[in-house]
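What follows is one structure encoded as structure tokens, with my remarks underneath.
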There are 2 protein chains.
Amino acid sequence: MPRAKAKTAAAKRARNGKLHAVVLAGGAGERFWPASRRARPKPFLEVLKGESLLEATLSRARRLAAKDCVWTVCGSEHGRAMRAESGLPANRVLIEPMRRNTAMAVAFVAQRIAAEDPEAVLAILPADHHIPDSIAFTRAIRQAAAAARDFEVLVTLGVKPTRPDTGYGYIQPGSRVGNPAAGLRQVRRFVEKPDAARAKRYLRQGGYLWNAGIFVWKARSILEELETWAPDIHRALAPIRKSPKRTPRAALESAYRRAPSLPIDVAVLEPSRRVWTLPVDFRWSDVGTWESLADELGVAPGRGRVIAGETVIDDVGGNLIWAGKRPVVLLGVEGLAVVDTEDALLVVKLDQSSRVREVVAELKARGREDVT
Amino acid sequence: MPRAKAKTAAAKRARNGKLHAVVLAGGAGERFWPASRRARPKPFLEVLKGESLLEATLSRARRLAAKDCVWTVCGSEHGRAMRAESGLPANRVLIEPMRRNTAMAVAFVAQRIAAEDPEAVLAILPADHHIPDSIAFTRAIRQAAAAARDFEVLVTLGVKPTRPDTGYGYIQPGSRVGNPAAGLRQVRRFVEKPDAARAKRYLRQGGYLWNAGIFVWKARSILEELETWAPDIHRALAPIRKSPKRTPRAALESAYRRAPSLPIDVAVLEPSRRVWTLPVDFRWSDVGTWESLADELGVAPGRGRVIAGETVIDDVGGNLIWAGKRPVVLLGVEGLAVVDTEDALLVVKLDQSSRVREVVAELKARGREDVT
């Protein structure tokens, strides 16, 4: 065997079964309107401690995986920003030609990494979550990765609920499995976002977990399960299988065009028989609304927070304020998010902030796409 | 007597004792911040039916007085805007070189008009009041003018209260006087803005009137009373008496500099023994706060009003909204004024809007005079 070739083979073996961290940056930029936009969705916003959620997620990814094993997947409209913010080499920033939800994004990156190493273990990390305790997070992902590697299962992190949240899906865990020290459980069933009464019941009964949307699995495992439960998506991957490192743009587009738009939860996790969950109890939030951001920032009656803004007067406090150069003055109000950007203003009662998405639709309907 | 001189004397006689309408545009532009500014105070804002309060006041003035007998008094920073908006000839727009409250403004214009005709009757109309029933208003001023002419008294309009307002001064009327048909009363006493308990008592007891700050008197009467009760001000008028039509700028400035800054109520009406009030019961408001403007516009729970704004979404209603080109979206809030101007944003609970003036002071203290 020539020397160069032997070296490559050795390097390849050393890389086999490594942990890869995949940062998924999807999203339409609607939930944090008007601060977020199609062109600047939530992961790119500097909302916590002066760093963006994406930056924080990339930090967690770098703690988990070697330099060459950090990946991101994002839409073409965010490719430039992603390359700039992540500092990743161009071949680690996978650009989706159109939005096809998480099943296709996961399939794309799994196929791409499997081309180098089908035994690779992937940690799928949404780019817009807030997880303050990165040590506990790293420990959990490593435990999940060991299970994914040893038992060839799909592992989803299940967060112990702290309140009867109706914005999250729930997991009902089954029998204990795997290494007893890790506390892994089979998944008995996934539960869609419940109404308030059921959410309260889940919390009271105990045992239910929030489905955090953080997954760990081998590239080979997820591709097998895609083939079984989402054959349309698996078939759509053909051009990527053919030339995974440099899939021609037109081929990738046609792959995406033919793929159904499904969340990976629905496409694979719900039907699959090899899904485990790792219960964790660190603080976690998908920061899905202005209200949840206010919670993360500790906004409370009499205790407001200013994310941005040069001159802000808030006499009562208890408001979340995002402002620019213009002075923002609040008198006698509390429990609001006030978001003042260059071209739009939102004033929303925090407990109604899940309705912000409706507004974006309404503005589009009124022909104001310029501000969406 | 030469023909030209005879003609002038005849014209002068014909003018004697005429009714002059004087529109007073003072104000610091603080109460309606950030829509109002020093350079664009309340009278210039188009807040009601697409016309400014000044335009509406000038319309009332024109109903009362002949073309040549409508006057305005304003600060030098508003002279250009006043000439443009009023369409009055330059010699009917009196420019005050500095702010010296209403006593000096009234003294200035009285002295100026007295130079043409000391028997002239002046109706003093603040430029920023809202009076929807102009017919009732005209009738009242004519009755007051007849009394001012016949009895040489100072007449102040007293508005029948409709609520226990703590933002207005009150008048306690005394005996009936003058023409019985007009319903005039002597003023027994003026009462400063009361607290809530006293305001309620006044309303319950009945008989008390709001001091509207609308006055009718002969030029000669008010000058006599100024001489008696505010001799400093009367003395300060010397340069105006000397050359009333073209008082040199420097002389006018020195007159103003020496004059004390007092409201005419305090300087003359309170001490004077010849003050009558004409009770009226038409709708009147000095539109002193965002809340009172909201009242005038019929803002109520579920019934918001948009004064200006291209794209406004207000799901609950009950808010007063002043916006520009930027979309303004309100979700789940009510009872607010939201005022979104090019360089500042105010969100204020309507019932706290009397505190807006404090904000302007606070912004000045923070070095943000650029937005005051």
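Order determines the names: the first chain of the structure tokens is A, the second B, and so forth; residues in each chain are numbered 1 upward, and ligands are numbered 1 upward as they are shown.
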Problem - Exercise answer, chain A residues close to chain B, 9 Å and only C-alpha atoms, as a PyMOL selection string - result: chain A and resi 311+313+325-333+336+338+340+342-353+355-356+359+362-363+366+368+371
Name all residues at most 10 Å from range 238-245 of chain B (count only C-alpha atoms; drop same-chain ones fewer than 2 positions away) and give them as an mmCIF file with N, CA and C atoms, in the first residue's frame.
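Writing the result to out_4.cif gives the following:
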data_model
loop_
_atom_site.group_PDB
_atom_site.id
_atom_site.type_symbol
_atom_site.label_atom_id
_atom_site.label_comp_id
_atom_site.auth_asym_id
_atom_site.auth_seq_id
_atom_site.Cartn_x
_atom_site.Cartn_y
_atom_site.Cartn_z
ATOM 1 N N ASN B 91 -49.052 91.974 10.594
ATOM 2 C CA ASN B 91 -49.274 92.875 11.729
ATOM 3 C C ASN B 91 -50.378 92.389 12.663
ATOM 4 N N ALA B 107 -51.445 91.484 28.184
ATOM 5 C CA ALA B 107 -51.120 92.904 28.310
ATOM 6 C C ALA B 107 -50.593 93.457 26.983
ATOM 7 N N PHE B 108 -49.727 92.687 26.347
ATOM 8 C CA PHE B 108 -49.128 93.088 25.074
ATOM 9 C C PHE B 108 -50.216 93.334 24.028
ATOM 10 N N VAL B 109 -51.071 92.371 23.848
ATOM 11 C CA VAL B 109 -52.065 92.498 22.781
ATOM 12 C C VAL B 109 -53.104 93.569 23.144
ATOM 13 N N GLN B 111 -52.560 96.313 24.878
ATOM 14 C CA GLN B 111 -51.911 97.605 24.632
ATOM 15 C C GLN B 111 -51.836 97.895 23.138
ATOM 16 N N ARG B 112 -51.539 96.847 22.385
ATOM 17 C CA ARG B 112 -51.427 97.008 20.935
ATOM 18 C C ARG B 112 -52.774 97.409 20.320
ATOM 19 N N ILE B 113 -53.853 96.745 20.745
ATOM 20 C CA ILE B 113 -55.170 97.038 20.179
ATOM 21 C C ILE B 113 -55.689 98.378 20.718
ATOM 22 N N ALA B 114 -55.396 98.659 21.984
ATOM 23 C CA ALA B 114 -55.846 99.925 22.582
ATOM 24 C C ALA B 114 -55.275 101.120 21.827
ATOM 25 N N ALA B 115 -54.115 100.922 21.205
ATOM 26 C CA ALA B 115 -53.522 102.021 20.440
ATOM 27 C C ALA B 115 -54.409 102.394 19.262
ATOM 28 N N GLU B 116 -55.146 101.435 18.729
ATOM 29 C CA GLU B 116 -56.082 101.732 17.645
ATOM 30 C C GLU B 116 -57.437 102.124 18.211
ATOM 31 N N ILE B 233 -46.189 94.743 35.424
ATOM 32 C CA ILE B 233 -46.492 94.404 34.032
ATOM 33 C C ILE B 233 -46.925 95.667 33.282
ATOM 34 N N HIS B 234 -47.759 96.441 33.921
ATOM 35 C CA HIS B 234 -48.229 97.654 33.260
ATOM 36 C C HIS B 234 -47.064 98.577 32.919
ATOM 37 N N ARG B 235 -46.109 98.710 33.855
ATOM 38 C CA ARG B 235 -44.933 99.545 33.597
ATOM 39 C C ARG B 235 -44.104 98.968 32.454
ATOM 40 N N ALA B 236 -44.012 97.628 32.416
ATOM 41 C CA ALA B 236 -43.200 96.995 31.371
ATOM 42 C C ALA B 236 -43.758 97.285 29.979
ATOM 43 N N THR B 247 -43.117 98.420 17.679
ATOM 44 C CA THR B 247 -42.214 98.463 18.830
ATOM 45 C C THR B 247 -40.863 97.898 18.408
ATOM 46 N N PRO B 248 -39.777 98.660 18.600
ATOM 47 C CA PRO B 248 -38.470 98.114 18.205
ATOM 48 C C PRO B 248 -38.193 96.812 18.945
ATOM 49 N N ALA B 250 -35.579 95.484 20.211
ATOM 50 C CA ALA B 250 -34.803 95.567 21.458
ATOM 51 C C ALA B 250 -35.673 96.086 22.603
ATOM 52 N N ALA B 251 -36.538 97.054 22.295
ATOM 53 C CA ALA B 251 -37.416 97.614 23.326
ATOM 54 C C ALA B 251 -38.402 96.554 23.810
ATOM 55 N N LEU B 252 -38.931 95.787 22.871
ATOM 56 C CA LEU B 252 -39.884 94.734 23.230
ATOM 57 C C LEU B 252 -39.193 93.679 24.105
ATOM 58 N N GLU B 253 -37.982 93.350 23.715
ATOM 59 C CA GLU B 253 -37.237 92.363 24.502
ATOM 60 C C GLU B 253 -36.999 92.851 25.914
ATOM 61 N N SER B 254 -36.644 94.134 26.038
ATOM 62 C CA SER B 254 -36.356 94.630 27.395
ATOM 63 C C SER B 254 -37.654 94.720 28.196
ATOM 64 N N ALA B 255 -38.780 95.021 27.514
ATOM 65 C CA ALA B 255 -40.082 95.025 28.197
ATOM 66 C C ALA B 255 -40.381 93.641 28.755
#
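With only C-alpha atoms as the atoms that count, the residue of A:Leu45, A:Ala81, A:Ala28, A:Ala267 with the shortest distance to Leu223 in chain A is A:Ala267.
Proximity ranking of B:Lys18, B:His130, B:Arg142, B:Arg198 relative to Leu58 in chain B places B:His130 first, based on only C-alpha atoms.
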Exercise for the section: Do a neighbour search on Met82 in chain A at 12 Å with only C-alpha atoms, toss out local chain neighbours closer than 3 positions, and write the hits as a ChimeraX atom specification. Expected result: /A:23-26,39-41,43-44,52,54-55,58,71-79,85-90,92-95,127
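Proximity of A:Gly167, A:Ser354, A:Ala308, A:Glu291 to Glu46 in chain A, computed with only C-alpha atoms, is greatest for A:Ala308.
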Problem - Shell around Ala212 in chain B at 10 Å using only C-alpha atoms, local window under 5 positions removed, as a list in words - result: Leu125, Pro126, His129, Thr156, Leu157, Gly158, Val159, Lys160, Tyr168, Gly169, Tyr170, Ile171, Trp284, Ser285 and Asp286 of chain B
Exercise for the section: Please identify which residues in range 106-139 of chain A DSSP calls strand (DSSP E or B) from the backbone, and express them as a PyMOL selection string. Expected result: chain A and resi 121-126+130
Okay, now the selection with C-alpha atoms, as a CSV table (one decimal), in the first residue's frame?
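Saved file result_0.csv follows:
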chain,number,residue,atom,x,y,z
A,121,VAL,CA,-22.7,9.9,16.0
A,122,LEU,CA,-24.7,13.1,15.5
A,123,ALA,CA,-25.9,15.4,18.2
A,124,ILE,CA,-28.6,17.5,16.6
A,125,LEU,CA,-28.8,20.9,18.4
A,126,PRO,CA,-31.4,23.5,17.4
A,130,HIS,CA,-31.1,28.6,25.9
Problem - Sel. of helix (DSSP H, G or I) residues, range 191-327 of chain B, as an NGL selection string - result: :B and (196-205 or 219-229 or 231-236 or 238-242 or 249-258 or 264-269 or 290-296)
Practice task
Name the residues in contact with Val191 in chain B at a cut-off of 10 Å, using only C-alpha atoms, excluding same-chain residues fewer than 2 positions from it; report them as a list in words.
Solution key: Tyr168, Gly169, Tyr170, Ile171, Gln172, Arg188, Arg189, Lys193, Pro194, Tyr208, Leu209, Trp210, Asn211 and Glu270 of chain B
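Atom pair CA of Trp276 in chain B / CA of Val177 in chain B has a distance of 8.0 Å (rounded to one decimal).
If you count only C-alpha atoms and ignore residues fewer than 4 places along the chain from Ala361 in chain B, what sits within 9 Å of it is Glu30, Arg357, Ala365, Arg366 and Thr372 of chain B.
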Problem - Within 9 Å of Val299 in chain B using only C-alpha atoms, minus same-chain residues under 5 positions, as number ranges by chain - result: B: 293-294, 304-305, 317-320, 335
Exercise for the section: Counting only C-alpha atoms, figure out which residue out of A:Ala103, A:Val22, A:Leu278, A:Val187 gets nearest to Gln143 in chain A. Expected result: A:Leu278
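A straight line drawn from CA of Asp128 in chain A to CA of Lys42 in chain A is 6.4 Å long.
With only C-alpha atoms as the atoms that count, the residue of B:Leu237, B:Val316, B:Glu310, B:Val275 with the shortest distance to Gly367 in chain A is B:Glu310.
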